[in-house]
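Data from run_31.txt: compact mmCIF, C-alpha atoms and all ligand atoms
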```txt
# COMPACT_ATOMS: atom_id res chain seq x y z
CA MET A 817 -25.72 37.26 -98.71
CA SER A 818 -27.57 34.02 -98.44
CA ASN A 819 -29.43 32.11 -95.77
CA CYS A 820 -27.71 30.66 -92.69
CA LYS A 821 -26.80 26.98 -93.01
CA HIS A 822 -29.21 26.31 -90.16
CA PHE A 823 -31.96 28.50 -91.61
CA ALA A 824 -34.61 25.97 -90.59
CA ILE A 825 -33.69 26.68 -86.96
CA CYS A 826 -33.03 30.42 -86.96
CA GLY A 827 -34.65 31.81 -90.14
CA LEU A 828 -31.74 34.25 -90.49
CA THR A 829 -29.19 35.22 -93.13
CA ASP A 830 -25.43 34.64 -92.95
CA GLU A 831 -24.75 38.36 -92.66
CA ALA A 832 -22.81 37.96 -89.42
CA ASP A 833 -20.43 35.26 -90.64
CA PRO A 834 -20.59 34.95 -94.46
CA GLU A 835 -17.35 32.91 -94.66
CA ALA A 836 -18.82 30.14 -92.56
CA GLY A 837 -22.30 30.72 -93.93
CA LEU A 838 -23.74 31.23 -90.44
CA CYS A 839 -26.01 33.76 -88.76
CA ILE A 840 -25.27 35.74 -85.61
CA LEU A 841 -26.82 32.99 -83.46
CA HIS A 842 -24.96 30.14 -85.09
CA SER A 843 -21.63 31.79 -85.77
CA GLN A 844 -18.92 29.85 -83.90
CA LYS A 845 -16.76 32.97 -83.43
CA PRO A 846 -16.42 33.45 -79.67
CA ASP A 847 -15.92 37.22 -80.13
CA LYS A 848 -19.00 37.80 -82.26
CA ALA A 849 -20.95 41.05 -81.73
CA GLN A 850 -22.67 40.59 -78.36
CA GLU A 851 -25.27 43.32 -78.76
CA ALA A 852 -26.40 41.99 -82.14
CA PHE A 853 -26.48 38.45 -80.68
CA ARG A 854 -28.63 39.54 -77.77
CA LYS A 855 -31.15 41.25 -80.07
CA ALA A 856 -31.32 38.24 -82.38
CA LEU A 857 -31.71 35.93 -79.39
CA ASP A 858 -34.53 38.00 -77.91
CA SER A 859 -36.53 37.87 -81.11
CA HIS A 860 -35.73 34.12 -81.49
CA ARG A 861 -36.91 33.43 -77.92
CA ALA A 862 -40.23 35.06 -78.68
CA LYS A 863 -41.08 32.57 -81.39
CA SER A 864 -39.03 29.37 -80.95
CA VAL A 865 -37.69 26.86 -78.43
CA ASP A 866 -35.22 25.40 -80.91
CA TYR A 867 -31.68 26.45 -79.93
CA ARG A 868 -29.79 23.69 -81.69
CA LEU A 869 -26.14 24.50 -82.46
CA VAL A 870 -26.41 28.06 -81.16
CA LEU A 871 -23.21 29.47 -79.65
CA PHE A 872 -23.97 31.61 -76.59
CA PRO A 873 -20.97 33.99 -76.29
CA THR A 874 -21.94 35.56 -72.95
CA THR A 875 -23.55 34.49 -69.70
CA ILE A 876 -27.05 33.49 -70.53
CA PHE A 877 -29.95 33.83 -68.16
CA PHE A 878 -32.89 31.49 -68.56
CA GLY A 879 -33.61 31.50 -64.81
CA ASN A 880 -37.30 31.23 -63.86
CA THR A 881 -38.18 30.82 -67.53
CA VAL A 882 -41.12 28.57 -68.29
CA PHE A 883 -40.54 26.61 -71.50
CA GLU A 884 -44.06 25.64 -72.52
CA LYS A 885 -42.97 23.24 -75.26
CA ARG A 886 -40.17 20.70 -75.42
CA CYS A 887 -37.05 22.75 -76.08
CA ASN A 888 -33.89 21.72 -77.80
CA PHE A 889 -30.36 22.87 -76.97
CA SER A 890 -28.61 19.95 -78.71
CA GLY A 891 -25.19 20.85 -80.02
CA ALA A 892 -25.35 24.30 -78.47
CA VAL A 893 -22.26 25.84 -76.87
CA PHE A 894 -22.43 27.98 -73.73
CA SER A 895 -19.14 29.93 -73.65
CA GLU A 896 -20.00 31.51 -70.32
CA ILE A 897 -22.30 30.57 -67.45
CA ALA A 898 -25.60 28.95 -68.44
CA ASP A 899 -28.19 29.85 -65.85
CA PHE A 900 -31.36 27.77 -65.89
CA ALA A 901 -32.06 28.11 -62.15
CA SER A 902 -35.73 27.48 -61.25
CA ALA A 903 -36.63 27.15 -64.93
CA THR A 904 -39.60 24.95 -65.81
CA PHE A 905 -39.34 22.66 -68.82
CA SER A 906 -42.99 21.72 -69.30
CA GLY A 907 -42.36 19.48 -72.28
CA GLY A 908 -38.92 18.24 -71.26
CA ALA A 909 -35.72 19.16 -73.04
CA ASP A 910 -32.84 17.96 -75.18
CA PHE A 911 -29.28 18.90 -74.32
CA ASN A 912 -27.60 16.22 -76.44
CA GLY A 913 -23.97 17.01 -77.15
CA THR A 914 -24.34 20.41 -75.52
CA SER A 915 -21.14 22.02 -74.30
CA PHE A 916 -21.15 24.00 -71.04
CA LYS A 917 -17.78 25.74 -70.97
CA GLU A 918 -18.37 27.63 -67.73
CA GLY A 919 -20.71 26.88 -64.85
CA ALA A 920 -24.04 25.22 -65.56
CA VAL A 921 -26.74 26.18 -63.09
CA PHE A 922 -29.93 24.14 -63.09
CA HIS A 923 -30.79 24.17 -59.39
CA ASN A 924 -34.49 24.04 -58.50
CA ALA A 925 -35.38 23.50 -62.15
CA VAL A 926 -38.36 21.31 -62.98
CA PHE A 927 -38.36 18.94 -65.96
CA ASP A 928 -41.93 17.80 -66.57
CA GLY A 929 -41.06 15.69 -69.61
CA ASP A 930 -38.09 13.50 -70.45
CA VAL A 931 -34.72 15.21 -70.51
CA HIS A 932 -31.71 14.00 -72.47
CA PHE A 933 -28.16 15.12 -71.77
CA THR A 934 -26.56 12.43 -73.93
CA MET A 935 -22.85 13.11 -74.54
CA SER A 936 -23.04 16.61 -73.18
CA MET A 937 -19.92 18.14 -71.67
CA PHE A 938 -19.62 20.18 -68.48
CA THR A 939 -16.19 21.81 -68.40
CA GLU A 940 -16.77 23.63 -65.13
CA ARG A 941 -19.00 22.99 -62.11
CA ALA A 942 -22.57 21.92 -62.67
CA SER A 943 -25.43 22.19 -60.23
CA PHE A 944 -28.59 20.11 -60.39
CA PHE A 945 -29.31 20.81 -56.74
CA ASP A 946 -32.98 20.12 -55.84
CA VAL A 947 -33.96 19.56 -59.47
CA SER A 948 -37.18 17.60 -60.06
CA PHE A 949 -37.06 15.17 -62.97
CA HIS A 950 -40.67 14.12 -63.56
CA GLY A 951 -39.83 12.31 -66.80
CA GLU A 952 -36.84 10.13 -67.63
CA ALA A 953 -33.51 11.75 -66.91
CA GLN A 954 -30.85 10.50 -69.32
CA PHE A 955 -27.25 11.47 -68.69
CA TYR A 956 -25.63 8.94 -71.04
CA SER A 957 -21.88 9.36 -71.62
CA VAL A 958 -21.79 12.78 -70.02
CA THR A 959 -18.44 14.30 -69.03
CA PHE A 960 -18.44 16.16 -65.73
CA THR A 961 -14.97 17.69 -65.66
CA LYS A 962 -15.44 19.43 -62.31
CA GLU A 963 -17.68 18.75 -59.32
CA VAL A 964 -21.35 18.16 -59.99
CA SER A 965 -24.16 18.24 -57.47
CA PHE A 966 -27.38 16.32 -57.67
CA ALA A 967 -27.99 16.85 -53.94
CA GLY A 968 -31.67 16.81 -53.11
CA ALA A 969 -32.64 16.09 -56.71
CA SER A 970 -35.60 13.80 -57.25
CA PHE A 971 -35.86 11.34 -60.11
CA LYS A 972 -39.54 10.48 -60.35
CA LYS A 973 -39.37 8.12 -63.31
CA SER A 974 -35.81 6.92 -63.86
CA GLY A 975 -32.29 8.24 -63.91
CA SER A 976 -29.50 6.95 -66.09
CA PHE A 977 -25.87 7.96 -65.90
CA ALA A 978 -24.58 5.05 -67.98
CA GLY A 979 -21.10 5.61 -69.37
CA SER A 980 -20.67 8.99 -67.71
CA THR A 981 -17.43 10.24 -66.22
CA PHE A 982 -17.26 12.15 -62.93
CA HIS A 983 -13.72 13.54 -63.04
CA MET A 984 -13.89 15.46 -59.76
CA GLY A 985 -16.69 13.44 -58.23
CA GLY A 986 -20.32 14.16 -57.59
CA ASP A 987 -22.66 14.74 -54.72
CA PHE A 988 -25.87 12.74 -54.55
CA THR A 989 -26.55 13.54 -50.89
CA GLY A 990 -30.27 13.41 -50.24
CA ALA A 991 -31.09 12.69 -53.87
CA ARG A 992 -34.04 10.36 -54.43
CA PHE A 993 -34.62 7.85 -57.18
CA GLU A 994 -38.31 7.20 -56.68
CA GLN A 995 -39.31 4.86 -59.53
CA GLY A 996 -37.95 2.94 -62.49
CA ASP A 997 -34.21 2.34 -62.67
CA ALA A 998 -31.13 4.09 -61.42
CA THR A 999 -28.32 3.17 -63.78
CA PHE A 1000 -24.63 3.97 -63.39
CA THR A 1001 -23.39 1.09 -65.51
CA GLY A 1002 -20.06 1.73 -67.19
CA SER A 1003 -19.55 5.04 -65.39
CA SER A 1004 -16.22 6.29 -64.11
CA PHE A 1005 -15.86 7.90 -60.69
CA LEU A 1006 -12.49 9.60 -60.57
CA GLY A 1007 -13.19 11.86 -57.61
CA ARG A 1008 -15.00 11.44 -54.30
CA THR A 1009 -18.66 10.77 -55.00
CA ARG A 1010 -21.18 10.39 -52.24
CA PHE A 1011 -24.51 8.60 -52.33
CA SER A 1012 -26.21 9.38 -49.06
CA SER A 1013 -29.84 9.06 -48.07
CA PRO A 1014 -31.73 12.16 -46.93
CA PRO A 1015 -31.02 12.89 -43.27
CA ASP A 1016 -34.75 12.89 -42.57
CA GLU A 1017 -35.99 9.38 -43.28
CA SER A 1018 -39.59 10.50 -43.78
CA VAL A 1019 -38.46 12.03 -47.09
CA GLY A 1020 -37.58 8.56 -48.36
CA LEU A 1021 -34.44 6.67 -49.19
CA LEU A 1022 -31.97 7.53 -51.92
CA PHE A 1023 -32.99 4.43 -53.81
CA ALA A 1024 -36.68 3.69 -53.19
CA LYS A 1025 -37.63 0.07 -52.43
CA ASP A 1026 -38.67 -0.95 -55.93
CA VAL A 1027 -35.97 0.88 -57.86
CA GLU A 1028 -33.51 -1.40 -59.64
CA VAL A 1029 -30.03 0.03 -59.21
CA ALA A 1030 -27.02 -0.83 -61.35
CA PHE A 1031 -23.39 0.02 -60.69
CA ARG A 1032 -22.13 -2.57 -63.15
CA ARG A 1033 -18.65 -2.43 -64.66
CA VAL A 1034 -18.02 0.83 -62.84
CA ARG A 1035 -14.50 2.23 -62.72
CA VAL A 1036 -13.55 3.72 -59.36
CA ASP A 1037 -10.20 5.43 -59.16
CA PRO A 1038 -8.92 5.96 -56.48
CA PRO A 1039 -10.55 2.78 -55.11
CA ASP A 1040 -12.19 4.63 -52.21
CA ALA A 1041 -13.74 7.34 -54.40
CA LEU A 1042 -17.27 5.98 -54.09
CA GLU A 1043 -19.16 6.05 -50.83
CA PHE A 1044 -22.61 4.86 -49.88
CA ILE A 1045 -24.07 6.10 -46.61
CA GLY A 1046 -27.35 4.85 -45.18
CA VAL A 1047 -28.45 3.70 -48.61
CA ASP A 1048 -30.66 0.73 -49.43
CA LEU A 1049 -28.59 -1.49 -51.74
CA SER A 1050 -30.94 -4.47 -51.61
CA LYS A 1051 -31.72 -4.11 -55.32
CA CYS A 1052 -28.31 -2.92 -56.46
CA SER A 1053 -26.19 -4.91 -58.89
CA PHE A 1054 -22.40 -4.44 -58.77
CA TRP A 1055 -21.55 -6.84 -61.58
CA GLU A 1056 -17.84 -6.67 -62.53
CA THR A 1057 -17.20 -3.69 -60.29
CA ASP A 1058 -14.33 -3.73 -57.80
CA LEU A 1059 -15.86 -3.36 -54.34
CA ARG A 1060 -12.71 -3.64 -52.25
CA GLY A 1061 -12.07 0.04 -51.64
CA MET A 1062 -15.60 1.43 -51.67
CA ARG A 1063 -16.99 2.85 -48.46
CA PHE A 1064 -20.20 1.32 -47.20
CA LEU A 1065 -21.62 2.90 -44.05
CA GLY A 1066 -24.91 1.68 -42.63
CA VAL A 1067 -26.10 0.39 -45.98
CA GLN A 1068 -28.75 -2.27 -46.35
CA TRP A 1069 -28.01 -5.43 -48.29
CA VAL A 1070 -30.52 -7.95 -49.58
CA ARG A 1071 -31.63 -10.54 -47.01
CA MET A 1072 -30.89 -14.08 -48.13
CA PRO A 1073 -32.07 -17.21 -46.26
CA TRP A 1074 -29.24 -19.35 -44.82
CA THR A 1075 -30.77 -22.46 -46.34
CA ARG A 1076 -34.00 -23.26 -48.11
CA LEU A 1077 -35.69 -24.32 -44.88
CA SER A 1078 -34.20 -21.71 -42.61
CA LYS A 1079 -36.08 -18.70 -41.30
CA GLY A 1080 -32.86 -16.90 -40.43
CA TRP A 1081 -31.14 -14.71 -43.00
CA ARG A 1082 -27.75 -13.36 -43.99
CA ASN A 1083 -26.66 -10.23 -45.82
CA GLY A 1084 -26.30 -10.92 -49.52
CA ILE A 1085 -25.69 -9.11 -52.75
CA TYR A 1086 -28.46 -8.54 -55.27
CA ASP A 1087 -26.38 -10.16 -58.02
CA GLU A 1088 -26.96 -13.51 -56.28
CA VAL A 1089 -30.73 -12.94 -56.56
CA LEU A 1090 -30.34 -12.05 -60.25
CA LEU A 1091 -28.22 -15.15 -60.78
CA ARG A 1092 -31.11 -17.44 -59.86
CA ALA A 1093 -33.24 -16.09 -62.70
CA GLN A 1094 -30.47 -16.40 -65.28
CA GLU A 1095 -30.01 -19.30 -67.63
CA ILE A 1096 -26.22 -19.20 -67.73
CA LYS A 1097 -25.10 -18.70 -64.18
CA PRO A 1098 -21.72 -16.99 -63.79
CA TYR A 1099 -21.13 -18.13 -60.21
CA ALA A 1100 -17.45 -17.20 -60.28
CA LYS A 1101 -18.22 -13.51 -60.80
CA VAL A 1102 -20.66 -13.35 -57.90
CA GLU A 1103 -18.11 -15.26 -55.82
CA THR A 1104 -15.56 -12.53 -56.62
CA LEU A 1105 -18.01 -9.82 -55.52
CA TYR A 1106 -18.55 -11.63 -52.22
CA ARG A 1107 -14.81 -12.04 -51.67
CA GLN A 1108 -14.26 -8.32 -52.25
CA LEU A 1109 -17.12 -7.39 -49.91
CA LYS A 1110 -15.73 -9.74 -47.25
CA LYS A 1111 -12.33 -8.04 -47.48
CA ASN A 1112 -13.97 -4.62 -47.40
CA TYR A 1113 -15.94 -5.39 -44.23
CA GLU A 1114 -13.00 -7.12 -42.57
CA GLU A 1115 -11.03 -3.93 -42.99
CA GLN A 1116 -13.89 -2.03 -41.38
CA ARG A 1117 -13.70 -4.62 -38.56
CA ASP A 1118 -17.34 -5.49 -39.16
CA TYR A 1119 -16.76 -9.23 -38.81
CA GLU A 1120 -20.39 -10.21 -38.57
CA ARG A 1121 -21.24 -8.91 -42.05
CA ALA A 1122 -17.85 -10.08 -43.33
CA GLY A 1123 -18.93 -13.56 -42.14
CA ASP A 1124 -22.18 -13.29 -44.09
CA PHE A 1125 -20.25 -12.44 -47.25
CA HIS A 1126 -17.83 -15.30 -46.56
CA TYR A 1127 -20.87 -17.60 -46.50
CA GLY A 1128 -22.04 -16.16 -49.84
CA GLU A 1129 -18.59 -16.65 -51.34
CA LYS A 1130 -18.43 -20.31 -50.33
CA GLU A 1131 -22.04 -20.87 -51.40
CA MET A 1132 -21.19 -19.67 -54.92
CA ARG A 1133 -18.18 -21.98 -54.98
CA LEU A 1134 -20.36 -24.92 -53.89
CA ARG A 1135 -23.01 -24.29 -56.53
CA ASN A 1136 -20.54 -23.70 -59.34
CA PRO A 1137 -20.55 -26.82 -61.55
CA LYS A 1138 -16.91 -26.06 -62.48
CA THR A 1139 -15.78 -26.73 -58.91
CA SER A 1140 -14.22 -30.21 -58.61
CA PRO A 1141 -16.51 -32.90 -57.10
CA GLY A 1142 -14.10 -33.52 -54.22
CA LEU A 1143 -14.07 -29.88 -53.19
CA ARG A 1144 -17.83 -29.65 -53.59
CA LEU A 1145 -18.31 -32.63 -51.27
CA PHE A 1146 -16.00 -31.06 -48.70
CA LEU A 1147 -17.79 -27.69 -49.01
CA TRP A 1148 -21.14 -29.40 -48.67
CA LEU A 1149 -20.04 -31.16 -45.48
CA TYR A 1150 -18.57 -27.92 -44.17
CA LYS A 1151 -21.85 -26.14 -44.94
CA CYS A 1152 -23.97 -28.79 -43.22
CA ALA A 1153 -21.69 -28.96 -40.20
CA SER A 1154 -21.33 -25.26 -39.47
CA GLY A 1155 -22.44 -23.02 -42.35
CA TYR A 1156 -18.86 -22.68 -43.66
CA GLY A 1157 -17.61 -21.90 -40.15
CA GLU A 1158 -20.03 -19.00 -39.72
CA ARG A 1159 -22.88 -20.63 -37.79
CA TRP A 1160 -22.56 -22.02 -34.26
CA LEU A 1161 -26.02 -23.55 -33.88
CA PRO A 1162 -25.71 -26.43 -36.41
CA PRO A 1163 -22.52 -27.91 -34.89
CA ILE A 1164 -24.08 -27.77 -31.42
CA VAL A 1165 -27.20 -29.53 -32.69
CA TRP A 1166 -25.03 -32.15 -34.43
CA SER A 1167 -23.02 -32.62 -31.22
CA LEU A 1168 -26.20 -33.26 -29.24
CA CYS A 1169 -27.32 -35.78 -31.87
CA LEU A 1170 -23.96 -37.52 -31.67
CA LEU A 1171 -24.17 -37.59 -27.86
CA LEU A 1172 -27.64 -39.14 -27.81
CA LEU A 1173 -27.07 -41.55 -30.68
CA GLY A 1174 -23.78 -42.62 -29.11
CA SER A 1175 -25.31 -43.42 -25.73
CA ALA A 1176 -28.18 -45.28 -27.41
CA GLY A 1177 -25.58 -47.21 -29.40
CA TYR A 1178 -23.71 -48.27 -26.24
CA LEU A 1179 -26.91 -49.41 -24.59
CA TYR A 1180 -27.86 -51.36 -27.69
CA CYS A 1181 -24.46 -53.02 -28.18
CA GLY A 1182 -23.77 -53.49 -24.53
CA LEU A 1183 -21.67 -51.70 -21.94
CA ARG A 1184 -20.09 -53.20 -18.87
CA VAL A 1185 -18.44 -51.76 -15.81
CA ALA A 1186 -14.66 -52.21 -15.98
CA GLY A 1187 -13.38 -55.09 -13.87
CA ARG A 1188 -16.76 -56.77 -13.60
CA LEU A 1189 -18.39 -59.41 -15.71
CA LEU A 1190 -21.69 -58.72 -17.43
CA PRO A 1191 -24.57 -60.52 -15.67
CA PHE A 1192 -26.62 -62.89 -17.78
CA GLU A 1193 -29.81 -61.72 -19.47
CA TRP A 1194 -30.40 -58.38 -17.97
CA ASP A 1195 -32.21 -55.42 -19.45
CA MET A 1196 -29.47 -52.93 -20.31
CA TRP A 1197 -31.93 -49.98 -20.77
CA ASN A 1198 -33.47 -50.33 -17.33
CA ALA A 1199 -30.54 -51.77 -15.38
CA VAL A 1200 -29.09 -49.98 -12.36
CA VAL A 1201 -25.48 -50.51 -11.27
CA ASP A 1202 -24.33 -49.22 -7.87
CA GLY A 1203 -27.42 -46.99 -7.71
CA VAL A 1204 -26.73 -45.31 -11.09
CA PRO A 1205 -29.04 -46.24 -13.99
CA MET A 1206 -27.19 -47.61 -17.02
CA TRP A 1207 -28.67 -44.96 -19.34
CA VAL A 1208 -27.05 -42.25 -17.21
CA ARG A 1209 -23.77 -44.14 -17.25
CA SER A 1210 -23.88 -44.53 -21.02
CA LEU A 1211 -24.75 -40.84 -21.50
CA LEU A 1212 -21.74 -39.87 -19.37
CA PHE A 1213 -19.58 -42.38 -21.20
CA SER A 1214 -20.74 -40.91 -24.52
CA LEU A 1215 -20.00 -37.34 -23.43
CA ARG A 1216 -16.54 -38.20 -22.12
CA THR A 1217 -15.70 -40.14 -25.28
CA MET A 1218 -16.70 -37.18 -27.48
CA THR A 1219 -14.58 -34.80 -25.46
CA LEU A 1220 -11.56 -37.20 -25.51
CA LEU A 1221 -11.64 -37.60 -21.73
CA LYS A 1222 -10.78 -41.31 -22.17
CA PRO A 1223 -13.34 -42.91 -19.82
CA ASP A 1224 -11.91 -46.16 -18.42
CA ASP A 1225 -14.60 -47.02 -15.88
CA MET A 1226 -16.78 -48.57 -18.61
CA VAL A 1227 -16.04 -50.87 -21.55
CA PRO A 1228 -18.19 -51.01 -24.70
CA LEU A 1229 -18.94 -54.44 -26.09
CA GLY A 1230 -19.02 -55.68 -29.68
CA TRP A 1231 -19.92 -52.93 -32.17
CA GLY A 1232 -19.83 -50.47 -29.29
CA SER A 1233 -16.13 -49.97 -29.91
CA VAL A 1234 -16.94 -48.78 -33.46
CA VAL A 1235 -19.39 -46.26 -32.01
CA GLN A 1236 -16.65 -45.14 -29.65
CA THR A 1237 -14.18 -44.62 -32.51
CA VAL A 1238 -16.69 -42.59 -34.51
CA GLN A 1239 -17.39 -40.44 -31.46
CA ASN A 1240 -13.68 -40.01 -30.85
CA LEU A 1241 -13.29 -38.70 -34.40
CA LEU A 1242 -16.39 -36.53 -34.86
CA GLY A 1243 -16.90 -35.19 -31.35
CA PRO A 1244 -13.85 -32.90 -31.17
CA ILE A 1245 -14.42 -31.74 -34.78
CA LEU A 1246 -18.03 -30.66 -34.14
CA LEU A 1247 -17.26 -29.01 -30.82
CA GLY A 1248 -14.27 -27.28 -32.40
CA LEU A 1249 -16.44 -25.99 -35.25
CA ALA A 1250 -18.96 -24.62 -32.76
CA ALA A 1251 -16.21 -22.87 -30.82
CA LEU A 1252 -14.70 -21.41 -34.01
CA ALA A 1253 -18.07 -20.14 -35.24
CA ILE A 1254 -18.78 -18.47 -31.90
CA ARG A 1255 -15.34 -16.86 -31.94
CA GLN A 1256 -15.89 -15.76 -35.56
CA ARG A 1257 -19.15 -14.02 -34.66
CA LEU A 1258 -17.81 -12.34 -31.53
CA ARG A 1259 -14.43 -11.31 -32.97
CA ARG A 1260 -13.41 -7.74 -32.23
ZN ZN B 1301 -28.53 30.39 -88.03
```

Show me the file's structure as structure tokens.
Amino acid sequence: MSNCKHFAICGLTDEADPEAGLCILHSQKPDKAQEAFRKALDSHRAKSVDYRLVLFPTTIFFGNTVFEKRCNFSGAVFSEIADFASATFSGGADFNGTSFKEGAVFHNAVFDGDVHFTMSMFTERASFFDVSFHGEAQFYSVTFTKEVSFAGASFKKSGSFAGSTFHMGGDFTGARFEQGDATFTGSSFLGRTRFSSPPDESVGLLFAKDVEVAFRRVRVDPPDALEFIGVDLSKCSFWETDLRGMRFLGVQWVRMPWTRLSKGWRNGIYDEVLLRAQEIKPYAKVETLYRQLKKNYEEQRDYERAGDFHYGEKEMRLRNPKTSPGLRLFLWLYKCASGYGERWLPPIVWSLCLLLLGSAGYLYCGLRVAGRLLPFEWDMWNAVVDGVPMWVRSLLFSLRTMTLLKPDDMVPLGWGSVVQTVQNLLGPILLGLAALAIRQRLRR
């Protein structure tokens, strides 16, 4: 009989499993003597918080336990239910590579220090309902084979689920990420997973204002598996994630100004904000995100927000140096004229400018009444013909030219015919753009 291979942890001999060289706590035999295990565990609990590599053969009850020091369950195996309900981990805990073969119950637990669940495996349901994570909560590369609930959980410092897989989905209803980051980069959502803000807004939002959220390179299968309800996504990056099928209900996007001078704003995606700070600017990827969001909102029949994302998509195309100069010029004109077909005010303002400039042009170049000769040396700007001032006549002439009403009561002189041609060309285009933008905004 010699010492257990993990003597440093357990301080026991390999009496229980001499072939493997392991003690009763560490023996990997699932049918090891339960009574002997329980006794050994009780005496271990009295003096240590190191449970590394221990195999728990029966349901284990750590409910309401207060772990004064940082405890370590790395590499441990729970063959039956692991019950940590309402436990307090004063110094945090390590569950790296831990295997939970039956249910894992952590609801109402409190982690005062950092907790690491890196590469742990939950074979059955797991509940983190109402858990308080006061330190960092790391769930890197965790496998949740069945449903997992983080409903009502609060992440006071940061929460990371990078590279984790939610096979049957998860529930983050009413969870709160209060500070630091919320990271889901590289995760897979293979079942319905809901991120929904607490029903009572006084409790706070799911993602607090300053929390940076990342759902980058996320795999969502089926495409509608992920849903966000009433969540603030104004600091959420969706880099290289397919947004077409996701469900967005009443979420808040980041407010982007229409133009540098404009006070108005459109709904945008946080990746566009991040892009500005980057040295290499991958416009095409943000453009793709906007295109997918546009499609998503069009299918929801929310055309107003779809229009905002259309604007973002075109804006990325315009700023992308890889876009051909010809297309960029066209996009730039389209943007100036009507905000890529989404804004009705600019084309109306341009139309008014064209109307006034046109009538000034006719007065400057000369305008005569059809069938009559122009009197010598008269002041066109102040002249009155048949009781109607010339400036009114030229304004009417300008308006009718722009709207292709072919006015034949007046004849422009000299360069006035050039003004008329320009008005004939631009007038219908600008008015058409205004009409299209209004229709776009009011579409049902
Ligand atoms: Zn041992």

- Close residues, range 992-995 of chain A itself excluded, 10 Å, all atoms listed in the file, min 3 positions apart in chain, as a PyMOL selection string: chain A and resi 946+948-949+952+966-975+988-989+998+1011-1014+1019-1029

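Taking CA of Phe1054 in chain A as the reference point, CA of Thr939 in chain A is found at 28.6 Å.
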
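Counting only C-alpha atoms, the residue from A:Arg941, A:Arg854, A:Arg1121, A:Lys1097 that sits nearest to Arg1071 in chain A is A:Arg1121.
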
- Nearest candidate to Ala1122 in chain A (options A:Ser1140, A:Leu1149, A:Gly1174, A:Arg1259; using all atoms listed in the file):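 Smallest separation from Ala1122 in chain A among the options: A:Arg1259.
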
- Hey, which residues come within 7 Å of ligand ZN 1301 (chain B) if we count all atoms listed in the file? Could you give them as a ChimeraX atom specification? /A:820-823,825-828,838-842
